[in-house]
$ cat start38.csv   # CSV, N, CA and C atoms
chain,number,residue,atom,x,y,z
I,1,GLN,N,-45.3,4.3,35.6
I,1,GLN,CA,-44.2,3.3,35.8
I,1,GLN,C,-43.2,3.5,34.7
I,2,VAL,N,-42.0,3.8,35.1
I,2,VAL,CA,-40.9,4.0,34.2
I,2,VAL,C,-40.4,2.7,33.6
I,3,GLN,N,-40.2,2.6,32.3
I,3,GLN,CA,-39.7,1.4,31.7
I,3,GLN,C,-38.5,1.9,30.8
I,4,LEU,N,-37.5,1.1,30.8
I,4,LEU,CA,-36.3,1.4,29.9
I,4,LEU,C,-36.0,0.1,29.2
I,5,VAL,N,-35.9,0.2,27.8
I,5,VAL,CA,-35.7,-1.0,27.0
I,5,VAL,C,-34.5,-0.7,26.1
I,6,GLU,N,-33.4,-1.5,26.3
I,6,GLU,CA,-32.2,-1.3,25.5
I,6,GLU,C,-32.2,-2.2,24.3
I,7,SER,N,-31.5,-1.7,23.3
I,7,SER,CA,-31.3,-2.5,22.1
I,7,SER,C,-30.1,-2.0,21.4
I,8,GLY,N,-29.7,-2.8,20.4
I,8,GLY,CA,-28.5,-2.4,19.6
I,8,GLY,C,-27.2,-3.1,19.8
I,9,GLY,N,-27.2,-4.0,20.8
I,9,GLY,CA,-26.0,-4.7,21.1
I,9,GLY,C,-25.8,-5.8,20.0
I,10,GLY,N,-24.6,-6.5,20.1
I,10,GLY,CA,-24.3,-7.5,19.2
I,10,GLY,C,-22.9,-7.9,19.2
I,11,SER,N,-22.5,-8.7,18.3
I,11,SER,CA,-21.1,-9.2,18.2
I,11,SER,C,-20.4,-8.5,17.0
I,12,VAL,N,-19.3,-7.8,17.3
I,12,VAL,CA,-18.6,-7.0,16.3
I,12,VAL,C,-17.1,-7.3,16.5
I,13,GLN,N,-16.4,-7.0,15.4
I,13,GLN,CA,-15.0,-7.1,15.4
I,13,GLN,C,-14.4,-5.8,16.0
I,14,ALA,N,-13.2,-5.9,16.5
I,14,ALA,CA,-12.5,-4.8,17.0
I,14,ALA,C,-12.3,-3.7,16.0
I,15,GLU,N,-12.4,-2.5,16.4
I,15,GLU,CA,-12.4,-1.3,15.6
I,15,GLU,C,-13.7,-0.9,14.9
I,16,GLY,N,-14.7,-1.8,15.1
I,16,GLY,CA,-16.0,-1.5,14.6
I,16,GLY,C,-16.8,-0.5,15.5
I,17,SER,N,-18.0,-0.3,15.2
I,17,SER,CA,-18.9,0.7,15.9
I,17,SER,C,-20.2,0.1,16.2
I,18,LEU,N,-20.8,0.6,17.2
I,18,LEU,CA,-22.2,0.2,17.5
I,18,LEU,C,-22.9,1.4,18.1
I,19,ARG,N,-24.2,1.5,17.9
I,19,ARG,CA,-25.1,2.5,18.5
I,19,ARG,C,-26.1,1.7,19.3
I,20,LEU,N,-26.0,1.9,20.6
I,20,LEU,CA,-27.0,1.3,21.5
I,20,LEU,C,-28.2,2.3,21.7
I,21,ALA,N,-29.3,1.8,21.9
I,21,ALA,CA,-30.5,2.7,22.1
I,21,ALA,C,-31.2,2.2,23.4
I,22,CYS,N,-31.8,3.2,24.1
I,22,CYS,CA,-32.6,2.9,25.3
I,22,CYS,C,-33.9,3.7,25.1
I,23,ALA,N,-35.0,3.0,24.9
I,23,ALA,CA,-36.3,3.6,24.7
I,23,ALA,C,-36.9,3.7,26.1
I,24,ALA,N,-37.3,4.9,26.4
I,24,ALA,CA,-37.9,5.2,27.8
I,24,ALA,C,-39.4,5.5,27.7
I,25,SER,N,-40.1,5.1,28.7
I,25,SER,CA,-41.5,5.4,28.8
I,25,SER,C,-41.9,5.6,30.3
I,26,GLY,N,-42.9,6.3,30.5
I,26,GLY,CA,-43.4,6.5,31.9
I,26,GLY,C,-42.8,7.7,32.6
I,27,PHE,N,-42.0,8.5,31.9
I,27,PHE,CA,-41.4,9.7,32.6
I,27,PHE,C,-42.5,10.7,32.8
I,28,THR,N,-42.5,11.3,34.0
I,28,THR,CA,-43.5,12.3,34.4
I,28,THR,C,-43.2,13.7,33.9
I,29,ASP,N,-41.9,14.0,33.7
I,29,ASP,CA,-41.5,15.3,33.1
I,29,ASP,C,-40.2,15.1,32.5
I,30,SER,N,-39.5,16.2,32.2
I,30,SER,CA,-38.2,16.1,31.6
I,30,SER,C,-37.0,16.1,32.5
I,31,ARG,N,-37.2,16.0,33.8
I,31,ARG,CA,-36.1,16.2,34.7
I,31,ARG,C,-35.6,14.8,35.2
I,32,TYR,N,-34.9,14.2,34.2
I,32,TYR,CA,-34.3,12.9,34.5
I,32,TYR,C,-32.8,12.9,34.2
I,33,CYS,N,-32.0,12.3,35.0
I,33,CYS,CA,-30.6,12.0,34.7
I,33,CYS,C,-30.6,10.6,34.2
I,34,MET,N,-30.1,10.4,33.0
I,34,MET,CA,-30.0,9.1,32.4
I,34,MET,C,-28.5,8.7,32.2
I,35,GLY,N,-28.2,7.5,32.4
I,35,GLY,CA,-26.9,7.0,32.3
I,35,GLY,C,-26.7,5.7,31.6
I,36,TRP,N,-25.6,5.5,31.0
I,36,TRP,CA,-25.2,4.2,30.4
I,36,TRP,C,-24.1,3.6,31.3
I,37,PHE,N,-24.3,2.3,31.6
I,37,PHE,CA,-23.4,1.6,32.4
I,37,PHE,C,-23.1,0.3,31.7
I,38,ARG,N,-22.0,-0.4,32.1
I,38,ARG,CA,-21.7,-1.7,31.6
I,38,ARG,C,-21.1,-2.6,32.7
I,39,GLN,N,-21.3,-3.8,32.6
I,39,GLN,CA,-20.8,-4.8,33.5
I,39,GLN,C,-20.3,-6.0,32.8
I,40,ALA,N,-19.0,-6.3,33.0
I,40,ALA,CA,-18.4,-7.5,32.5
I,40,ALA,C,-18.4,-8.6,33.5
I,41,PRO,N,-18.4,-9.8,33.1
I,41,PRO,CA,-18.4,-10.9,34.1
I,41,PRO,C,-17.3,-10.7,35.2
I,42,GLY,N,-17.7,-10.8,36.4
I,42,GLY,CA,-16.7,-10.7,37.5
I,42,GLY,C,-16.3,-9.3,37.9
I,43,LYS,N,-16.9,-8.3,37.2
I,43,LYS,CA,-16.5,-6.9,37.5
I,43,LYS,C,-17.7,-6.2,38.0
I,44,THR,N,-17.4,-5.0,38.6
I,44,THR,CA,-18.5,-4.2,39.1
I,44,THR,C,-19.1,-3.4,38.0
I,45,ARG,N,-20.3,-2.9,38.2
I,45,ARG,CA,-21.0,-2.1,37.1
I,45,ARG,C,-20.3,-0.8,37.0
I,46,GLU,N,-19.9,-0.4,35.8
I,46,GLU,CA,-19.1,0.8,35.5
I,46,GLU,C,-20.0,1.9,34.9
I,47,GLY,N,-20.0,3.1,35.4
I,47,GLY,CA,-20.7,4.2,34.8
I,47,GLY,C,-19.9,4.8,33.6
I,48,LEU,N,-20.5,5.0,32.5
I,48,LEU,CA,-19.8,5.4,31.3
I,48,LEU,C,-20.1,6.8,30.9
I,49,ALA,N,-21.4,7.1,30.8
I,49,ALA,CA,-21.8,8.4,30.3
I,49,ALA,C,-23.1,8.8,30.9
I,50,VAL,N,-23.4,10.1,31.1
I,50,VAL,CA,-24.6,10.5,31.8
I,50,VAL,C,-25.1,11.7,31.0
I,51,LEU,N,-26.4,11.8,30.9
I,51,LEU,CA,-27.1,13.0,30.2
I,51,LEU,C,-28.3,13.4,31.0
I,52,HIS,N,-28.5,14.7,31.1
I,52,HIS,CA,-29.7,15.2,31.8
I,52,HIS,C,-30.7,15.5,30.7
I,53,THR,N,-31.9,15.0,30.8
I,53,THR,CA,-32.9,15.1,29.7
I,53,THR,C,-33.4,16.5,29.5
I,54,ASN,N,-33.3,17.3,30.5
I,54,ASN,CA,-33.9,18.7,30.3
I,54,ASN,C,-32.8,19.6,29.7
I,55,SER,N,-31.6,19.6,30.3
I,55,SER,CA,-30.6,20.5,29.8
I,55,SER,C,-29.8,20.0,28.6
I,56,GLY,N,-29.8,18.6,28.5
I,56,GLY,CA,-29.0,18.0,27.4
I,56,GLY,C,-27.5,17.9,27.8
I,57,SER,N,-27.2,18.3,29.0
I,57,SER,CA,-25.8,18.3,29.4
I,57,SER,C,-25.3,16.8,29.4
I,58,THR,N,-24.1,16.6,29.0
I,58,THR,CA,-23.5,15.3,29.0
I,58,THR,C,-22.2,15.2,29.7
I,59,TYR,N,-21.9,14.1,30.3
I,59,TYR,CA,-20.7,13.8,31.1
I,59,TYR,C,-20.2,12.5,30.8
I,60,TYR,N,-18.9,12.3,30.8
I,60,TYR,CA,-18.3,11.0,30.4
I,60,TYR,C,-17.2,10.6,31.5
I,61,ALA,N,-17.1,9.3,31.6
I,61,ALA,CA,-16.0,8.8,32.4
I,61,ALA,C,-14.8,8.9,31.6
I,62,ASP,N,-13.7,9.2,32.3
I,62,ASP,CA,-12.4,9.4,31.6
I,62,ASP,C,-12.0,8.3,30.7
I,63,SER,N,-12.4,7.1,31.1
I,63,SER,CA,-12.0,5.9,30.3
I,63,SER,C,-12.7,5.8,29.0
I,64,VAL,N,-13.7,6.5,28.7
I,64,VAL,CA,-14.4,6.4,27.4
I,64,VAL,C,-14.5,7.7,26.6
I,65,LYS,N,-13.9,8.8,27.2
I,65,LYS,CA,-13.9,10.0,26.4
I,65,LYS,C,-13.3,9.9,25.1
I,66,GLY,N,-13.9,10.4,24.1
I,66,GLY,CA,-13.3,10.4,22.7
I,66,GLY,C,-13.8,9.2,21.9
I,67,ARG,N,-14.3,8.1,22.6
I,67,ARG,CA,-14.8,7.0,21.8
I,67,ARG,C,-16.3,6.8,22.0
I,68,PHE,N,-16.9,7.2,23.1
I,68,PHE,CA,-18.3,7.0,23.4
I,68,PHE,C,-19.0,8.4,23.3
I,69,THR,N,-20.2,8.4,22.8
I,69,THR,CA,-21.0,9.6,22.7
I,69,THR,C,-22.4,9.3,23.1
I,70,ILE,N,-22.9,10.0,24.2
I,70,ILE,CA,-24.3,9.8,24.6
I,70,ILE,C,-25.1,11.0,24.0
I,71,SER,N,-26.3,10.6,23.6
I,71,SER,CA,-27.2,11.6,23.1
I,71,SER,C,-28.7,11.2,23.3
I,72,GLN,N,-29.6,12.1,23.0
I,72,GLN,CA,-31.0,11.7,23.1
I,72,GLN,C,-31.8,12.2,21.9
I,73,ASP,N,-32.9,11.5,21.7
I,73,ASP,CA,-33.9,12.0,20.7
I,73,ASP,C,-35.1,12.3,21.6
I,74,ILE,N,-35.4,13.6,21.8
I,74,ILE,CA,-36.5,13.9,22.8
I,74,ILE,C,-37.8,13.4,22.2
I,75,LEU,N,-38.1,13.6,20.9
I,75,LEU,CA,-39.4,13.2,20.4
I,75,LEU,C,-39.6,11.7,20.5
I,76,LYS,N,-38.5,10.9,20.3
I,76,LYS,CA,-38.6,9.5,20.3
I,76,LYS,C,-38.4,8.9,21.7
I,77,LYS,N,-38.1,9.8,22.7
I,77,LYS,CA,-37.9,9.4,24.1
I,77,LYS,C,-36.9,8.3,24.1
I,78,THR,N,-35.8,8.5,23.4
I,78,THR,CA,-34.8,7.5,23.3
I,78,THR,C,-33.4,8.0,23.6
I,79,LEU,N,-32.6,7.3,24.4
I,79,LEU,CA,-31.3,7.6,24.7
I,79,LEU,C,-30.4,6.8,23.9
I,80,TYR,N,-29.3,7.3,23.4
I,80,TYR,CA,-28.3,6.6,22.6
I,80,TYR,C,-26.9,6.5,23.2
I,81,LEU,N,-26.2,5.5,22.8
I,81,LEU,CA,-24.8,5.5,23.1
I,81,LEU,C,-24.0,5.0,21.9
I,82,GLN,N,-23.3,5.9,21.3
I,82,GLN,CA,-22.5,5.6,20.1
I,82,GLN,C,-21.1,5.2,20.6
I,83,ILE,N,-20.7,4.0,20.2
I,83,ILE,CA,-19.4,3.5,20.6
I,83,ILE,C,-18.6,3.2,19.4
I,84,ASN,N,-17.4,3.9,19.3
I,84,ASN,CA,-16.5,3.8,18.1
I,84,ASN,C,-15.2,3.1,18.6
I,85,SER,N,-14.5,2.6,17.6
I,85,SER,CA,-13.2,1.9,17.8
I,85,SER,C,-13.3,0.9,18.9
I,86,LEU,N,-14.3,0.0,18.8
I,86,LEU,CA,-14.5,-1.0,19.8
I,86,LEU,C,-13.3,-1.9,20.1
I,87,ARG,N,-13.1,-2.2,21.3
I,87,ARG,CA,-12.0,-3.0,21.8
I,87,ARG,C,-12.6,-4.3,22.5
I,88,PRO,N,-11.8,-5.4,22.5
I,88,PRO,CA,-12.3,-6.6,23.2
I,88,PRO,C,-12.6,-6.3,24.6
I,89,GLU,N,-11.9,-5.4,25.3
I,89,GLU,CA,-12.2,-5.0,26.7
I,89,GLU,C,-13.5,-4.3,26.8
I,90,ASP,N,-14.2,-3.9,25.7
I,90,ASP,CA,-15.5,-3.3,25.8
I,90,ASP,C,-16.6,-4.3,25.9
I,91,THR,N,-16.2,-5.6,25.8
I,91,THR,CA,-17.2,-6.7,25.9
I,91,THR,C,-17.9,-6.7,27.3
I,92,ALA,N,-19.2,-6.5,27.3
I,92,ALA,CA,-19.9,-6.4,28.6
I,92,ALA,C,-21.4,-6.4,28.3
I,93,MET,N,-22.2,-6.5,29.3
I,93,MET,CA,-23.6,-6.2,29.2
I,93,MET,C,-23.7,-4.7,29.5
I,94,TYR,N,-24.5,-4.0,28.6
I,94,TYR,CA,-24.6,-2.5,28.7
I,94,TYR,C,-26.1,-2.2,29.1
I,95,TYR,N,-26.2,-1.4,30.1
I,95,TYR,CA,-27.5,-1.0,30.7
I,95,TYR,C,-27.7,0.5,30.6
I,96,CYS,N,-28.9,0.9,30.5
I,96,CYS,CA,-29.3,2.3,30.7
I,96,CYS,C,-30.1,2.4,32.0
I,97,ALA,N,-30.0,3.6,32.6
I,97,ALA,CA,-30.6,3.8,33.9
I,97,ALA,C,-31.1,5.2,34.0
I,98,ALA,N,-32.1,5.4,34.8
I,98,ALA,CA,-32.7,6.7,35.0
I,98,ALA,C,-33.1,7.0,36.4
I,99,VAL,N,-33.0,8.3,36.7
I,99,VAL,CA,-33.5,8.8,38.0
I,99,VAL,C,-34.0,10.2,37.9
I,100,ARG,N,-35.1,10.5,38.5
I,100,ARG,CA,-35.7,11.8,38.4
I,100,ARG,C,-35.0,12.8,39.3
I,101,THR,N,-34.4,13.8,38.7
I,101,THR,CA,-33.5,14.7,39.5
I,101,THR,C,-33.3,16.0,38.7
I,102,TRP,N,-32.9,17.1,39.3
I,102,TRP,CA,-32.7,18.3,38.6
I,102,TRP,C,-31.4,18.4,37.8
I,103,SER,N,-30.4,17.6,38.2
I,103,SER,CA,-29.1,17.7,37.5
I,103,SER,C,-28.4,16.4,37.7
I,104,CYS,N,-27.2,16.3,37.1
I,104,CYS,CA,-26.4,15.1,37.1
I,104,CYS,C,-25.0,15.4,37.6
I,105,PRO,N,-24.9,15.6,38.9
I,105,PRO,CA,-23.5,15.8,39.4
I,105,PRO,C,-22.7,14.4,39.3
I,106,SER,N,-21.5,14.5,39.6
I,106,SER,CA,-20.6,13.3,39.4
I,106,SER,C,-21.0,12.1,40.0
I,107,ARG,N,-21.8,12.2,41.1
I,107,ARG,CA,-22.2,11.0,41.8
I,107,ARG,C,-23.1,10.1,40.9
I,108,TYR,N,-23.6,10.7,39.9
I,108,TYR,CA,-24.5,9.9,39.0
I,108,TYR,C,-23.8,9.0,38.1
I,109,PHE,N,-22.5,8.8,38.3
I,109,PHE,CA,-21.8,7.7,37.7
I,109,PHE,C,-21.8,6.5,38.5
I,110,LEU,N,-22.4,6.6,39.7
I,110,LEU,CA,-22.5,5.5,40.6
I,110,LEU,C,-23.9,4.8,40.4
I,111,SER,N,-23.9,3.5,40.2
I,111,SER,CA,-25.2,2.8,39.9
I,111,SER,C,-26.2,2.9,41.0
I,112,GLY,N,-25.7,3.1,42.2
I,112,GLY,CA,-26.7,3.2,43.4
I,112,GLY,C,-27.5,4.4,43.4
I,113,GLU,N,-27.2,5.4,42.5
I,113,GLU,CA,-28.0,6.6,42.5
I,113,GLU,C,-29.3,6.5,41.6
I,114,TYR,N,-29.4,5.4,40.9
I,114,TYR,CA,-30.5,5.2,39.9
I,114,TYR,C,-31.5,4.3,40.5
I,115,ASN,N,-32.8,4.6,40.2
I,115,ASN,CA,-33.8,3.6,40.6
I,115,ASN,C,-34.6,3.0,39.5
I,116,TYR,N,-34.2,3.3,38.2
I,116,TYR,CA,-34.8,2.6,37.1
I,116,TYR,C,-33.7,2.1,36.2
I,117,TRP,N,-33.9,0.8,35.8
I,117,TRP,CA,-32.9,0.1,35.0
I,117,TRP,C,-33.6,-0.6,33.9
I,118,GLY,N,-32.9,-0.7,32.7
I,118,GLY,CA,-33.3,-1.6,31.7
I,118,GLY,C,-32.8,-3.0,31.9
I,119,GLN,N,-33.1,-3.9,31.0
I,119,GLN,CA,-32.7,-5.3,31.1
I,119,GLN,C,-31.3,-5.5,30.6
I,120,GLY,N,-30.8,-4.6,29.8
I,120,GLY,CA,-29.4,-4.7,29.3
I,120,GLY,C,-29.3,-5.2,27.9
I,121,THR,N,-28.3,-4.9,27.2
I,121,THR,CA,-28.0,-5.4,25.9
I,121,THR,C,-26.5,-5.8,25.8
I,122,GLN,N,-26.3,-7.0,25.3
I,122,GLN,CA,-24.9,-7.6,25.3
I,122,GLN,C,-24.1,-7.0,24.1
I,123,VAL,N,-22.9,-6.6,24.4
I,123,VAL,CA,-21.9,-6.2,23.4
I,123,VAL,C,-20.7,-7.2,23.5
I,124,THR,N,-20.4,-7.8,22.4
I,124,THR,CA,-19.2,-8.7,22.4
I,124,THR,C,-18.3,-8.3,21.3
I,125,VAL,N,-17.0,-8.0,21.6
I,125,VAL,CA,-16.1,-7.5,20.7
I,125,VAL,C,-15.0,-8.6,20.5
I,126,SER,N,-14.7,-9.0,19.3
I,126,SER,CA,-13.7,-10.0,19.0
I,126,SER,C,-12.5,-9.3,18.4
I,127,SER,N,-11.3,-9.9,18.6
I,127,SER,CA,-10.1,-9.3,18.1
I,127,SER,C,-9.8,-9.9,16.7
$ encode --input "start38.csv" --output "C-alpha cells"
Amino acid sequence: QVQLVESGGGSVQAEGSLRLACAASGFTDSRYCMGWFRQAPGKTREGLAVLHTNSGSTYYADSVKGRFTISQDILKKTLYLQINSLRPEDTAMYYCAAVRTWSCPSRYFLSGEYNYWGQGTQVTVSS
C-alpha cells in the first residue's frame, strides 16, 4: 500500500522560501513518477514539477521554472519541493502524487495520470 505524507507547508511572507517534503512508503521498486501539484480555492489542480525516482530526471511547468526545485533523497524515500521567492499567488494546498511507470512524459503534469496522493500541505503567502 503506497502512502504519501506531505509536510513543510506554512505561512510565510512574500519573497520567503519553503521546502516541502513528501515521505513515501510502500513502493515496490524504483520505477515511479512523482509529482508536485497545487490547488488554490476555486481553481483546478496544477502540475508543478515531476521527477522519476529511477533516473532522477526532473521536469517543470513553465510557470515555476527558476523558482521551484524538485529533488529526492533516495535513502529517506522522500521527495522535496524547494520554493523560492514566494508570491501571494503561490498560496494553495500542495500535494505530492505518485504512479508506477517507466518514465515521466509530459502527460504526467496531469493529475489524472496519478493513482496515489498525499493529504496535502497548505502554503499561505502574505504580501
$ closest_atom_pairs --input "start38.csv" --of "segment 85-114 of chain I" --to "segment 31-49 of chain I" --cutoff "6 Å" --atoms "only C-alpha atoms" --output "Markdown table"
| residue | atom | partner | partner_atom | distance |
| --- | --- | --- | --- | --- |
| I:Ala92 | CA | I:Ala40 | CA | 4.3 |
| I:Met93 | CA | I:Gln39 | CA | 5.3 |
| I:Tyr94 | CA | I:Arg38 | CA | 4.2 |
| I:Tyr95 | CA | I:Phe37 | CA | 5.1 |
| I:Cys96 | CA | I:Trp36 | CA | 4.5 |
| I:Ala97 | CA | I:Gly35 | CA | 5.1 |
| I:Ala98 | CA | I:Met34 | CA | 4.5 |
| I:Val99 | CA | I:Cys33 | CA | 5.4 |
| I:Arg100 | CA | I:Tyr32 | CA | 4.3 |
| I:Thr101 | CA | I:Tyr32 | CA | 5.4 |
| I:Trp102 | CA | I:Arg31 | CA | 5.6 |
| I:Cys104 | CA | I:Cys33 | CA | 5.7 |
| I:Phe109 | CA | I:Gly47 | CA | 4.7 |
$ closest_residue --input "start38.csv" --among "I:Thr124, I:Asn115, I:Gln72, I:Ser17" --to "Leu51 of chain I" --atoms "only N, CA and C atoms"
I:Gln72
$ atom_distance --input "start38.csv" --atom1 "atom C of Val125 of chain I" --atom2 "atom N of Ala24 of chain I"
26.7 Å
$ closest_residue --input "start38.csv" --among "I:Val123, I:Val50, I:Ala23, I:Leu81" --to "Ser106 of chain I" --atoms "only C-alpha atoms"
I:Val50
$ residues_near_point --input "start38.csv" --point "(-14.7, 2.4, 20.9)" --cutoff "6.5 Å" --atoms "only N, CA and C atoms" --output "VMD selection string"
chain I and resid 16 67 to 68 83 to 87
$ atom_distance --input "start38.csv" --atom1 "atom C of Ile74 of chain I" --atom2 "atom C of Gly120 of chain I"
21.2 Å
$ select_by_dssp --input "start38.csv" --residues "chain I" --states "strand (DSSP E or B)" --output "PyMOL selection string"
chain I and resi 3-7+10-13+18-25+32-39+46-52+58-60+68-73+78-83+92-100+116-117+121-126
$ atom_distance --input "start38.csv" --atom1 "atom CA of Tyr60 of chain I" --atom2 "atom CA of Leu18 of chain I"
17.3 Å
$ closest_residue --input "start38.csv" --among "I:Gly10, I:Ser127, I:Asp29, I:Gly66" --to "Pro88 of chain I" --atoms "all atoms listed in the file"
I:Ser127
$ closest_residue --input "start38.csv" --among "I:Cys22, I:Leu4, I:Ile70, I:Ala14" --to "Thr58 of chain I" --atoms "all atoms listed in the file"
I:Ile70
$ decode --input "start38.csv" --residues "segment 21-73 of chain I" --atoms "C-alpha atoms" --output "CSV table (one decimal), in the first residue's frame"
chain,number,residue,atom,x,y,z
I,21,ALA,CA,8.6,17.2,1.8
I,22,CYS,CA,6.7,14.1,0.8
I,23,ALA,CA,7.6,10.9,2.7
I,24,ALA,CA,6.8,7.9,0.6
I,25,SER,CA,6.3,4.3,1.7
I,26,GLY,CA,5.0,1.1,0.1
I,27,PHE,CA,6.8,1.5,-3.2
I,28,THR,CA,7.5,-1.9,-4.8
I,29,ASP,CA,10.5,-0.8,-6.8
I,30,SER,CA,12.2,2.4,-8.0
I,31,ARG,CA,10.1,2.9,-11.1
I,32,TYR,CA,7.8,5.7,-10.0
I,33,CYS,CA,6.9,9.1,-11.5
I,34,MET,CA,6.4,11.5,-8.6
I,35,GLY,CA,4.9,14.9,-9.0
I,36,TRP,CA,4.1,18.1,-7.0
I,37,PHE,CA,0.7,19.7,-7.6
I,38,ARG,CA,-1.1,22.6,-6.1
I,39,GLN,CA,-4.7,23.7,-5.9
I,40,ALA,CA,-6.0,27.1,-4.9
I,41,PRO,CA,-9.6,27.7,-3.9
I,42,GLY,CA,-11.8,27.7,-7.0
I,43,LYS,CA,-9.0,26.6,-9.3
I,44,THR,CA,-8.1,23.3,-10.9
I,45,ARG,CA,-5.2,21.3,-9.7
I,46,GLU,CA,-2.0,22.4,-11.3
I,47,GLY,CA,1.1,20.2,-12.1
I,48,LEU,CA,4.3,22.0,-11.0
I,49,ALA,CA,7.2,19.6,-11.2
I,50,VAL,CA,7.8,15.9,-11.9
I,51,LEU,CA,10.6,13.5,-11.1
I,52,HIS,CA,11.3,9.9,-12.0
I,53,THR,CA,12.6,8.0,-9.0
I,54,ASN,CA,14.9,5.7,-11.0
I,55,SER,CA,16.5,8.1,-13.4
I,56,GLY,CA,16.3,11.2,-11.3
I,57,SER,CA,15.1,13.1,-14.3
I,58,THR,CA,13.2,16.3,-13.5
I,59,TYR,CA,10.6,18.3,-15.4
I,60,TYR,CA,9.0,21.7,-14.6
I,61,ALA,CA,5.9,23.6,-15.6
I,62,ASP,CA,7.0,26.8,-17.4
I,63,SER,CA,5.2,28.8,-14.7
I,64,VAL,CA,7.6,27.7,-12.0
I,65,LYS,CA,10.9,27.2,-13.7
I,66,GLY,CA,13.7,29.1,-11.9
I,67,ARG,CA,11.8,29.3,-8.6
I,68,PHE,CA,10.8,25.7,-7.8
I,69,THR,CA,13.2,22.8,-7.5
I,70,ILE,CA,12.1,19.2,-7.2
I,71,SER,CA,14.5,16.6,-5.7
I,72,GLN,CA,14.6,13.3,-3.9
I,73,ASP,CA,16.5,11.7,-1.1
